[in-house]
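What follows is the content of upload_19.pdb, which has PDB, C-alpha atoms, pLDDT in the B column:
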```pdb
ATOM      1  CA  MET Y  23     -25.782   9.301  -0.421  1.00 41.00           C
ATOM      2  CA  TYR Y  24     -26.623  12.950  -0.745  1.00 40.00           C
ATOM      3  CA  SER Y  25     -24.983  15.708  -2.748  1.00 39.00           C
ATOM      4  CA  ARG Y  26     -22.648  17.535  -0.351  1.00 36.00           C
ATOM      5  CA  GLN Y  27     -22.478  20.579  -2.655  1.00 35.00           C
ATOM      6  CA  LEU Y  28     -26.238  21.046  -2.794  1.00 38.00           C
ATOM      7  CA  LEU Y  29     -26.662  20.351   0.885  1.00 43.00           C
ATOM      8  CA  THR Y  30     -23.912  22.776   1.872  1.00 36.00           C
ATOM      9  CA  SER Y  31     -25.894  25.727   0.520  1.00 37.00           C
ATOM     10  CA  ARG Y  32     -28.835  24.742   2.711  1.00 44.00           C
ATOM     11  CA  LEU Y  33     -26.564  24.263   5.709  1.00 47.00           C
ATOM     12  CA  THR Y  34     -25.041  27.704   5.257  1.00 44.00           C
ATOM     13  CA  LYS Y  35     -28.469  29.310   5.145  1.00 43.00           C
ATOM     14  CA  LYS Y  36     -29.699  27.529   8.269  1.00 50.00           C
ATOM     15  CA  GLU Y  37     -26.460  28.060  10.182  1.00 46.00           C
ATOM     16  CA  SER Y  38     -26.440  31.781   9.431  1.00 42.00           C
ATOM     17  CA  LEU Y  39     -29.779  32.018  11.227  1.00 41.00           C
ATOM     18  CA  THR Y  40     -28.797  29.907  14.231  1.00 41.00           C
ATOM     19  CA  SER Y  41     -25.014  29.837  14.300  1.00 38.00           C
ATOM     20  CA  CYS Y  42     -24.864  29.474  18.082  1.00 38.00           C
ATOM     21  CA  TYR Y  43     -26.939  26.293  17.972  1.00 44.00           C
ATOM     22  CA  TYR Y  44     -24.791  24.112  15.729  1.00 43.00           C
ATOM     23  CA  SER Y  45     -21.346  22.832  16.587  1.00 45.00           C
ATOM     24  CA  THR Y  46     -20.534  21.474  13.144  1.00 46.00           C
ATOM     25  CA  ARG Y  47     -21.793  21.049   9.605  1.00 53.00           C
ATOM     26  CA  GLY Y  48     -21.881  17.341  10.282  1.00 65.00           C
ATOM     27  CA  ALA Y  49     -19.514  14.599  11.292  1.00 69.00           C
ATOM     28  CA  LEU Y  50     -20.145  12.266   8.357  1.00 73.00           C
ATOM     29  CA  GLY Y  51     -18.351  14.104   5.577  1.00 63.00           C
ATOM     30  CA  GLY Y  52     -18.683  11.296   3.036  1.00 58.00           C
ATOM     31  CA  GLY Y  53     -22.422  10.946   3.451  1.00 72.00           C
ATOM     32  CA  PHE Y  54     -24.855   9.050   5.604  1.00 88.00           C
ATOM     33  CA  ASN Y  55     -23.361   5.552   5.521  1.00 90.00           C
ATOM     34  CA  GLU Y  56     -22.280   3.016   8.093  1.00 91.00           C
ATOM     35  CA  GLU Y  57     -18.564   3.184   7.309  1.00 91.00           C
ATOM     36  CA  ASP Y  58     -18.349   6.943   7.936  1.00 93.00           C
ATOM     37  CA  LEU Y  59     -20.353   6.510  11.133  1.00 95.00           C
ATOM     38  CA  ARG Y  60     -17.995   3.745  12.217  1.00 93.00           C
ATOM     39  CA  ARG Y  61     -14.959   5.974  11.553  1.00 92.00           C
ATOM     40  CA  TRP Y  62     -16.524   8.804  13.541  1.00 94.00           C
ATOM     41  CA  PHE Y  63     -17.248   6.503  16.476  1.00 94.00           C
ATOM     42  CA  ILE Y  64     -13.694   5.138  16.523  1.00 93.00           C
ATOM     43  CA  GLN Y  65     -12.322   8.690  16.469  1.00 91.00           C
ATOM     44  CA  GLU Y  66     -14.706   9.768  19.223  1.00 90.00           C
ATOM     45  CA  THR Y  67     -13.681   6.775  21.323  1.00 83.00           C
ATOM     46  CA  SER Y  68     -10.043   7.664  20.727  1.00 81.00           C
ATOM     47  CA  ASN Y  69     -10.662  11.266  21.793  1.00 67.00           C
ATOM     48  CA  ILE Y  70     -12.293  10.075  25.007  1.00 57.00           C
ATOM     49  CA  GLY Y  71      -9.349   7.804  25.611  1.00 49.00           C
ATOM     50  CA  ASN Y  72      -6.893  10.656  25.093  1.00 49.00           C
ATOM     51  CA  GLU Y  73      -8.804  12.770  27.620  1.00 50.00           C
ATOM     52  CA  GLN Y  74      -8.721   9.924  30.104  1.00 46.00           C
ATOM     53  CA  ARG Y  75      -4.998   9.552  29.511  1.00 43.00           C
ATOM     54  CA  ARG Y  76      -4.425  13.190  30.359  1.00 47.00           C
ATOM     55  CA  ASN Y  77      -6.436  12.815  33.542  1.00 46.00           C
ATOM     56  CA  ARG Y  78      -5.105   9.404  34.559  1.00 46.00           C
ATOM     57  CA  THR Y  79      -1.660   9.028  33.003  1.00 43.00           C
ATOM     58  CA  ARG Y  80      -0.611   6.159  35.249  1.00 43.00           C
ATOM     59  CA  ARG Y  81      -3.540   3.895  34.489  1.00 43.00           C
ATOM     60  CA  ILE Y  82      -4.744   4.617  30.982  1.00 39.00           C
ATOM     61  CA  ASN Y  83      -2.044   3.249  28.666  1.00 44.00           C
ATOM     62  CA  SER Y  84      -3.275  -0.321  28.738  1.00 40.00           C
ATOM     63  CA  VAL Y  85      -6.845   0.825  28.153  1.00 41.00           C
ATOM     64  CA  ILE Y  86      -5.831   2.921  25.152  1.00 38.00           C
ATOM     65  CA  ASN Y  87      -3.938   0.015  23.651  1.00 44.00           C
ATOM     66  CA  GLU Y  88      -6.898  -2.296  24.095  1.00 43.00           C
ATOM     67  CA  THR Y  89      -9.235   0.249  22.488  1.00 42.00           C
ATOM     68  CA  THR Y  90      -6.923   0.842  19.528  1.00 38.00           C
ATOM     69  CA  ASN Y  91      -6.417  -2.863  18.880  1.00 45.00           C
ATOM     70  CA  SER Y  92     -10.132  -3.621  19.040  1.00 49.00           C
ATOM     71  CA  ASN Y  93     -11.384  -0.963  16.634  1.00 53.00           C
ATOM     72  CA  ASP Y  94     -11.771  -3.501  13.828  1.00 53.00           C
ATOM     73  CA  GLU Y  95     -14.539  -5.153  15.834  1.00 77.00           C
ATOM     74  CA  VAL Y  96     -16.696  -2.025  16.111  1.00 88.00           C
ATOM     75  CA  PHE Y  97     -20.105  -2.734  14.618  1.00 91.00           C
ATOM     76  CA  ALA Y  98     -21.990  -0.116  12.579  1.00 94.00           C
ATOM     77  CA  ASP Y  99     -25.259  -0.083  10.697  1.00 95.00           C
ATOM     78  CA  MET Y 100     -27.284   2.463   8.729  1.00 96.00           C
ATOM     79  CA  PHE Y 101     -30.911   2.354   7.598  1.00 97.00           C
ATOM     80  CA  SER Y 102     -32.961   4.797   5.564  1.00 96.00           C
ATOM     81  CA  HIS Y 103     -36.557   5.474   4.615  1.00 97.00           C
ATOM     82  CA  ARG Y 104     -38.071   7.963   2.174  1.00 97.00           C
ATOM     83  CA  VAL Y 105     -40.697  10.194   3.784  1.00 98.00           C
ATOM     84  CA  SER Y 106     -43.645  11.791   2.026  1.00 97.00           C
ATOM     85  CA  PRO Y 107     -43.215  15.107   0.164  1.00 97.00           C
ATOM     86  CA  THR Y 108     -45.367  16.784   2.836  1.00 97.00           C
ATOM     87  CA  CYS Y 109     -43.187  15.454   5.633  1.00 97.00           C
ATOM     88  CA  ALA Y 110     -39.942  16.330   3.837  1.00 97.00           C
ATOM     89  CA  THR Y 111     -41.076  19.909   3.206  1.00 97.00           C
ATOM     90  CA  TRP Y 112     -42.235  20.311   6.801  1.00 97.00           C
ATOM     91  CA  LEU Y 113     -39.025  18.838   8.260  1.00 97.00           C
ATOM     92  CA  ASP Y 114     -36.758  20.894   6.001  1.00 96.00           C
ATOM     93  CA  GLY Y 115     -38.647  24.011   7.042  1.00 96.00           C
ATOM     94  CA  ARG Y 116     -38.173  23.447  10.756  1.00 96.00           C
ATOM     95  CA  PRO Y 117     -35.559  25.620  12.528  1.00 95.00           C
ATOM     96  CA  HIS Y 118     -33.720  22.506  13.759  1.00 95.00           C
ATOM     97  CA  PRO Y 119     -34.556  19.436  11.639  1.00 97.00           C
ATOM     98  CA  SER Y 120     -32.061  17.146  13.390  1.00 97.00           C
ATOM     99  CA  SER Y 121     -33.528  17.967  16.796  1.00 97.00           C
ATOM    100  CA  GLU Y 122     -37.016  17.254  15.465  1.00 97.00           C
ATOM    101  CA  MET Y 123     -35.794  13.843  14.286  1.00 98.00           C
ATOM    102  CA  ALA Y 124     -34.205  13.018  17.633  1.00 98.00           C
ATOM    103  CA  ARG Y 125     -37.391  13.998  19.458  1.00 98.00           C
ATOM    104  CA  ALA Y 126     -39.426  11.880  17.036  1.00 98.00           C
ATOM    105  CA  TYR Y 127     -37.067   8.932  17.502  1.00 98.00           C
ATOM    106  CA  PHE Y 128     -37.044   8.987  21.306  1.00 97.00           C
ATOM    107  CA  GLY Y 129     -40.638  10.197  21.538  1.00 96.00           C
ATOM    108  CA  SER Y 130     -42.263   7.649  19.244  1.00 97.00           C
ATOM    109  CA  SER Y 131     -44.688   5.021  20.472  1.00 96.00           C
ATOM    110  CA  ARG Y 132     -42.257   2.316  19.358  1.00 97.00           C
ATOM    111  CA  PHE Y 133     -39.539   3.633  21.679  1.00 97.00           C
ATOM    112  CA  ALA Y 134     -41.987   3.991  24.601  1.00 96.00           C
ATOM    113  CA  PRO Y 135     -41.468   0.480  26.093  1.00 95.00           C
ATOM    114  CA  GLU Y 136     -37.686   1.021  26.236  1.00 94.00           C
ATOM    115  CA  HIS Y 137     -38.262   4.433  27.807  1.00 94.00           C
ATOM    116  CA  VAL Y 138     -40.535   2.939  30.474  1.00 93.00           C
ATOM    117  CA  ILE Y 139     -38.014   0.199  31.322  1.00 92.00           C
ATOM    118  CA  MET Y 140     -35.040   2.575  31.537  1.00 90.00           C
ATOM    119  CA  ARG Y 141     -36.751   5.556  33.163  1.00 89.00           C
ATOM    120  CA  PRO Y 142     -36.493   4.403  36.830  1.00 87.00           C
ATOM    121  CA  PHE Y 143     -32.725   4.000  36.465  1.00 86.00           C
ATOM    122  CA  PHE Y 144     -32.100   7.424  34.869  1.00 84.00           C
ATOM    123  CA  SER Y 145     -34.611   9.687  36.583  1.00 77.00           C
ATOM    124  CA  GLN Y 146     -32.348  12.756  36.375  1.00 82.00           C
ATOM    125  CA  HIS Y 147     -32.496  12.850  32.563  1.00 87.00           C
ATOM    126  CA  SER Y 148     -35.582  10.755  31.877  1.00 89.00           C
ATOM    127  CA  SER Y 149     -37.797  13.456  30.328  1.00 93.00           C
ATOM    128  CA  LEU Y 150     -37.633  14.039  26.583  1.00 95.00           C
ATOM    129  CA  PRO Y 151     -35.740  17.325  26.050  1.00 95.00           C
ATOM    130  CA  PRO Y 152     -37.646  20.136  24.306  1.00 95.00           C
ATOM    131  CA  LYS Y 153     -34.630  20.516  21.996  1.00 96.00           C
ATOM    132  CA  PHE Y 154     -31.482  18.481  21.403  1.00 97.00           C
ATOM    133  CA  GLU Y 155     -28.330  20.588  21.519  1.00 96.00           C
ATOM    134  CA  ILE Y 156     -24.673  19.787  22.149  1.00 96.00           C
ATOM    135  CA  ASN Y 157     -24.322  18.068  25.556  1.00 95.00           C
ATOM    136  CA  THR Y 158     -28.076  17.520  25.893  1.00 96.00           C
ATOM    137  CA  LYS Y 159     -28.562  14.354  27.935  1.00 95.00           C
ATOM    138  CA  PHE Y 160     -31.440  11.897  27.724  1.00 96.00           C
ATOM    139  CA  MET Y 161     -31.127   8.822  29.932  1.00 94.00           C
ATOM    140  CA  VAL Y 162     -27.873   7.125  28.772  1.00 93.00           C
ATOM    141  CA  TRP Y 163     -27.552   9.257  25.615  1.00 96.00           C
ATOM    142  CA  ASP Y 164     -25.276  12.304  25.444  1.00 96.00           C
ATOM    143  CA  THR Y 165     -25.527  14.563  22.369  1.00 97.00           C
ATOM    144  CA  LYS Y 166     -22.128  14.989  20.700  1.00 96.00           C
ATOM    145  CA  VAL Y 167     -22.846  16.194  17.144  1.00 95.00           C
ATOM    146  CA  VAL Y 168     -25.619  18.539  16.042  1.00 96.00           C
ATOM    147  CA  SER Y 169     -25.860  19.976  12.548  1.00 95.00           C
ATOM    148  CA  PRO Y 170     -29.027  21.014  10.714  1.00 94.00           C
ATOM    149  CA  TYR Y 171     -29.511  17.570   9.171  1.00 96.00           C
ATOM    150  CA  GLU Y 172     -27.498  15.285  11.424  1.00 96.00           C
ATOM    151  CA  LEU Y 173     -27.420  14.414  15.125  1.00 97.00           C
ATOM    152  CA  ILE Y 174     -25.277  11.852  16.934  1.00 97.00           C
ATOM    153  CA  CYS Y 175     -25.571  10.786  20.552  1.00 97.00           C
ATOM    154  CA  THR Y 176     -23.129   8.517  22.357  1.00 96.00           C
ATOM    155  CA  TRP Y 177     -24.164   6.207  25.161  1.00 95.00           C
ATOM    156  CA  ARG Y 178     -22.489   4.069  27.797  1.00 90.00           C
ATOM    157  CA  MET Y 179     -24.073   1.530  30.093  1.00 85.00           C
ATOM    158  CA  PRO Y 180     -23.514   2.379  33.787  1.00 82.00           C
ATOM    159  CA  SER Y 181     -20.691   0.482  35.486  1.00 77.00           C
ATOM    160  CA  SER Y 182     -19.777  -1.106  32.182  1.00 79.00           C
ATOM    161  CA  SER Y 183     -17.353  -0.691  29.291  1.00 82.00           C
ATOM    162  CA  ILE Y 184     -20.178  -1.351  26.813  1.00 86.00           C
ATOM    163  CA  HIS Y 185     -20.877   1.779  24.784  1.00 92.00           C
ATOM    164  CA  GLY Y 186     -22.045   2.961  21.384  1.00 95.00           C
ATOM    165  CA  CYS Y 187     -23.734   5.735  19.451  1.00 96.00           C
ATOM    166  CA  THR Y 188     -27.101   6.526  17.899  1.00 97.00           C
ATOM    167  CA  MET Y 189     -27.409   8.724  14.802  1.00 97.00           C
ATOM    168  CA  VAL Y 190     -30.308  10.288  12.903  1.00 97.00           C
ATOM    169  CA  GLY Y 191     -30.001  12.232   9.656  1.00 96.00           C
ATOM    170  CA  PHE Y 192     -32.053  13.782   6.865  1.00 96.00           C
ATOM    171  CA  ASP Y 193     -31.346  14.327   3.173  1.00 95.00           C
ATOM    172  CA  PRO Y 194     -33.896  16.838   1.862  1.00 95.00           C
ATOM    173  CA  MET Y 195     -32.873  16.174  -1.751  1.00 93.00           C
ATOM    174  CA  SER Y 196     -33.882  12.520  -1.689  1.00 95.00           C
ATOM    175  CA  ARG Y 197     -36.483  12.938   1.097  1.00 96.00           C
ATOM    176  CA  LYS Y 198     -34.743  10.181   3.055  1.00 96.00           C
ATOM    177  CA  VAL Y 199     -34.322  10.014   6.805  1.00 97.00           C
ATOM    178  CA  TYR Y 200     -31.478   7.927   8.194  1.00 97.00           C
ATOM    179  CA  HIS Y 201     -30.855   6.026  11.396  1.00 97.00           C
ATOM    180  CA  GLY Y 202     -27.492   4.509  12.301  1.00 97.00           C
ATOM    181  CA  ASN Y 203     -25.836   2.834  15.260  1.00 96.00           C
ATOM    182  CA  CYS Y 204     -22.395   1.821  16.450  1.00 95.00           C
ATOM    183  CA  LEU Y 205     -21.735  -0.833  19.065  1.00 93.00           C
ATOM    184  CA  SER Y 206     -18.457  -1.203  20.906  1.00 89.00           C
ATOM    185  CA  THR Y 207     -16.205  -4.227  20.823  1.00 80.00           C
ATOM    186  CA  GLU Y 208     -17.307  -5.128  24.353  1.00 80.00           C
ATOM    187  CA  TRP Y 209     -20.940  -5.366  23.196  1.00 77.00           C
ATOM    188  CA  ILE Y 210     -19.989  -7.499  20.201  1.00 78.00           C
ATOM    189  CA  SER Y 211     -17.862  -9.823  22.333  1.00 78.00           C
ATOM    190  CA  SER Y 212     -20.620 -10.452  24.848  1.00 78.00           C
ATOM    191  CA  ALA Y 213     -23.688 -10.502  22.592  1.00 79.00           C
ATOM    192  CA  ARG Y 214     -22.692 -11.108  18.960  1.00 82.00           C
ATOM    193  CA  PHE Y 215     -25.573 -13.560  18.575  1.00 88.00           C
ATOM    194  CA  LEU Y 216     -27.999 -10.686  19.216  1.00 89.00           C
ATOM    195  CA  LEU Y 217     -26.860  -8.617  16.204  1.00 91.00           C
ATOM    196  CA  PRO Y 218     -29.672  -9.783  13.877  1.00 93.00           C
ATOM    197  CA  LEU Y 219     -32.198  -8.894  16.583  1.00 94.00           C
ATOM    198  CA  HIS Y 220     -30.514  -5.516  17.099  1.00 94.00           C
ATOM    199  CA  GLU Y 221     -30.783  -4.721  13.386  1.00 95.00           C
ATOM    200  CA  LYS Y 222     -34.471  -5.600  13.297  1.00 97.00           C
ATOM    201  CA  TYR Y 223     -35.085  -3.487  16.389  1.00 97.00           C
ATOM    202  CA  ALA Y 224     -33.145  -0.558  14.899  1.00 97.00           C
ATOM    203  CA  GLN Y 225     -35.332  -0.657  11.789  1.00 97.00           C
ATOM    204  CA  PHE Y 226     -38.417  -0.963  13.989  1.00 98.00           C
ATOM    205  CA  LEU Y 227     -37.402   2.222  15.856  1.00 98.00           C
ATOM    206  CA  MET Y 228     -36.542   4.045  12.630  1.00 98.00           C
ATOM    207  CA  HIS Y 229     -40.028   3.384  11.272  1.00 98.00           C
ATOM    208  CA  GLY Y 230     -41.419   4.599  14.578  1.00 98.00           C
ATOM    209  CA  MET Y 231     -39.520   7.866  14.035  1.00 98.00           C
ATOM    210  CA  VAL Y 232     -40.841   8.089  10.470  1.00 98.00           C
ATOM    211  CA  ASN Y 233     -44.431   7.506  11.585  1.00 97.00           C
ATOM    212  CA  HIS Y 234     -44.073  10.169  14.273  1.00 97.00           C
ATOM    213  CA  LEU Y 235     -42.641  12.699  11.809  1.00 98.00           C
ATOM    214  CA  GLU Y 236     -45.389  11.977   9.288  1.00 97.00           C
ATOM    215  CA  LYS Y 237     -48.038  12.603  11.948  1.00 96.00           C
ATOM    216  CA  LEU Y 238     -46.390  15.838  13.062  1.00 95.00           C
ATOM    217  CA  SER Y 239     -46.142  17.130   9.499  1.00 95.00           C
ATOM    218  CA  THR Y 240     -49.795  16.338   8.826  1.00 91.00           C
ATOM    219  CA  HIS Y 241     -51.120  17.876  12.037  1.00 81.00           C
ATOM    220  CA  LYS Y 242     -49.050  21.045  11.784  1.00 64.00           C
ATOM    221  CA  ASN Y 243     -49.645  21.835   8.116  1.00 55.00           C
TER     222      ASN Y 243
END
```

structure tokens encoding of this file:
Amino acid sequence: MYSRQLLTSRLTKKESLTSCYYSTRGALGGGFNEEDLRRWFIQETSNIGNEQRRNRTRRINSVINETTNSNDEVFADMFSHRVSPTCATWLDGRPHPSSEMARAYFGSSRFAPEHVIMRPFFSQHSSLPPKFEINTKFMVWDTKVVSPYELICTWRMPSSSIHGCTMVGFDPMSRKVYHGNCLSTEWISSARFLLPLHEKYAQFLMHGMVNHLEKLSTHKN
């Protein structure tokens, strides 16, 4: 958990320089933890449902009810790792730290096999974006929240109700980077037995992001 008061002063400074880039000071007001990420994901899912209801009033009511009743089954996790002082200073000094983290996450060698497998199916958005901004798309991921130290992408499998979100964050005070995920009820219902494997893979990818950031900070200092 980071100090919101101390971090706010840093956010204000960064946002004053690039106010058009950020949509928010962050979605996880209580800190980088799985429960706040879970709440955000449920709210985001509800917002999507409300939009669908406006567009398809005759068909959406049953879907909304199912979504609302199944929120308790939404799975969330959050992992963290403390980076080196050199890496923390470099990352905090970047114009867009959260974008750097997203690029390190999706651009790491540990994510490469997943990228190779998915790339033929999502050729339109298969290249790693030079910068993650609101509505930036990368394969199945769609960027929804971007603040200086926090970025959240939602994803949905094609022709499926299975969806979730991927989050990266940075606390410059503690030098910790964070990685969190949410998985929809549909995913849990069909593959609950895979949750331990998912958690190990999430930590594997987080360490890939950390390794990538450490290399960048060393090479560019």

>> Show me, as a list in words, the residues that have an atom within 7 Å of range 172-176 of chain Y when counting all atoms listed in the file, minus same-chain residues fewer than 4 positions from it.
In response: Gly48, Ser120, Trp163, Asp164, Thr165, Lys166, Val167, Val168, Gly186, Cys187, Thr188, Met189, Val190, Gly191 and Phe192 of chain Y

> Hey, what's within 7 Å of range 109-116 of chain Y if we count all atoms listed in the file and toss same-chain stuff fewer than 3 positions away? As a count of residues only, please?
Replying inline: 8

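Of note, CA of Gly53 in chain Y and CA of His137 in chain Y are spaced 29.8 Å apart.
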
Expected axis-aligned box over every listed atom of range 123-130 of chain Y, 4 Å added per side, centre plus edges in Å to one decimal, as lines of an AutoDock Vina configuration file:
```
center_x = -38.2
center_y = 10.8
center_z = 17.9
size_x = 16.1
size_y = 14.3
size_z = 15.3
```

> Written as a PyMOL selection string, which residues does the PyMOL selection byres ((chain Y and resi 62) around 10) give for the file shown?
Replying inline: chain Y and resi 49-51+56-61+63-68+174+187+204

> Do you know which residues the PyMOL selection byres ((chain Y and resi 102) around 12) returns on this file, as a ChimeraX atom specification?
Replying inline: /Y:23,54-56,99-101,103-105,189-193,196-202,224-229,231-232

Go ahead and write the selection's residues with C-alpha atoms as a PDB file, in the coordinates of the input.
```
ATOM      1  CA  MET Y  23     -25.782   9.301  -0.421  1.00 41.00           C
ATOM      2  CA  PHE Y  54     -24.855   9.050   5.604  1.00 88.00           C
ATOM      3  CA  ASN Y  55     -23.361   5.552   5.521  1.00 90.00           C
ATOM      4  CA  GLU Y  56     -22.280   3.016   8.093  1.00 91.00           C
ATOM      5  CA  ASP Y  99     -25.259  -0.083  10.697  1.00 95.00           C
ATOM      6  CA  MET Y 100     -27.284   2.463   8.729  1.00 96.00           C
ATOM      7  CA  PHE Y 101     -30.911   2.354   7.598  1.00 97.00           C
ATOM      8  CA  HIS Y 103     -36.557   5.474   4.615  1.00 97.00           C
ATOM      9  CA  ARG Y 104     -38.071   7.963   2.174  1.00 97.00           C
ATOM     10  CA  VAL Y 105     -40.697  10.194   3.784  1.00 98.00           C
ATOM     11  CA  MET Y 189     -27.409   8.724  14.802  1.00 97.00           C
ATOM     12  CA  VAL Y 190     -30.308  10.288  12.903  1.00 97.00           C
ATOM     13  CA  GLY Y 191     -30.001  12.232   9.656  1.00 96.00           C
ATOM     14  CA  PHE Y 192     -32.053  13.782   6.865  1.00 96.00           C
ATOM     15  CA  ASP Y 193     -31.346  14.327   3.173  1.00 95.00           C
ATOM     16  CA  SER Y 196     -33.882  12.520  -1.689  1.00 95.00           C
ATOM     17  CA  ARG Y 197     -36.483  12.938   1.097  1.00 96.00           C
ATOM     18  CA  LYS Y 198     -34.743  10.181   3.055  1.00 96.00           C
ATOM     19  CA  VAL Y 199     -34.322  10.014   6.805  1.00 97.00           C
ATOM     20  CA  TYR Y 200     -31.478   7.927   8.194  1.00 97.00           C
ATOM     21  CA  HIS Y 201     -30.855   6.026  11.396  1.00 97.00           C
ATOM     22  CA  GLY Y 202     -27.492   4.509  12.301  1.00 97.00           C
ATOM     23  CA  ALA Y 224     -33.145  -0.558  14.899  1.00 97.00           C
ATOM     24  CA  GLN Y 225     -35.332  -0.657  11.789  1.00 97.00           C
ATOM     25  CA  PHE Y 226     -38.417  -0.963  13.989  1.00 98.00           C
ATOM     26  CA  LEU Y 227     -37.402   2.222  15.856  1.00 98.00           C
ATOM     27  CA  MET Y 228     -36.542   4.045  12.630  1.00 98.00           C
ATOM     28  CA  HIS Y 229     -40.028   3.384  11.272  1.00 98.00           C
ATOM     29  CA  MET Y 231     -39.520   7.866  14.035  1.00 98.00           C
ATOM     30  CA  VAL Y 232     -40.841   8.089  10.470  1.00 98.00           C
TER      31      VAL Y 232
END
```

>> Expand the PyMOL selection byres ((chain Y and resi 148-159) around 12) into the explicit residue set it covers here, and present it as number ranges by chain.
In response: Y: 40, 42-46, 117-130, 133-134, 136-147, 160-170, 172-178, 190

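Taking CA of His185 in chain Y as the reference point, CA of Leu216 in chain Y is found at 15.4 Å.
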
>> Using Å and a single decimal, report how far CA of Tyr171 in chain Y sits from CA of His234 in chain Y.
In response: 17.1 Å

>> So, with all atoms listed in the file as the atoms that count, which of Y:Ser212, Y:His220, Y:Asn203, Y:Met195 lies closest to Ser182 in chain Y?
In response: Y:Ser212

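When only C-alpha atoms are used to compute distances to Asn233 in chain Y, the closest of the residues Y:Leu217, Y:Pro180, Y:Arg132, Y:Thr207 turns out to be Y:Arg132.
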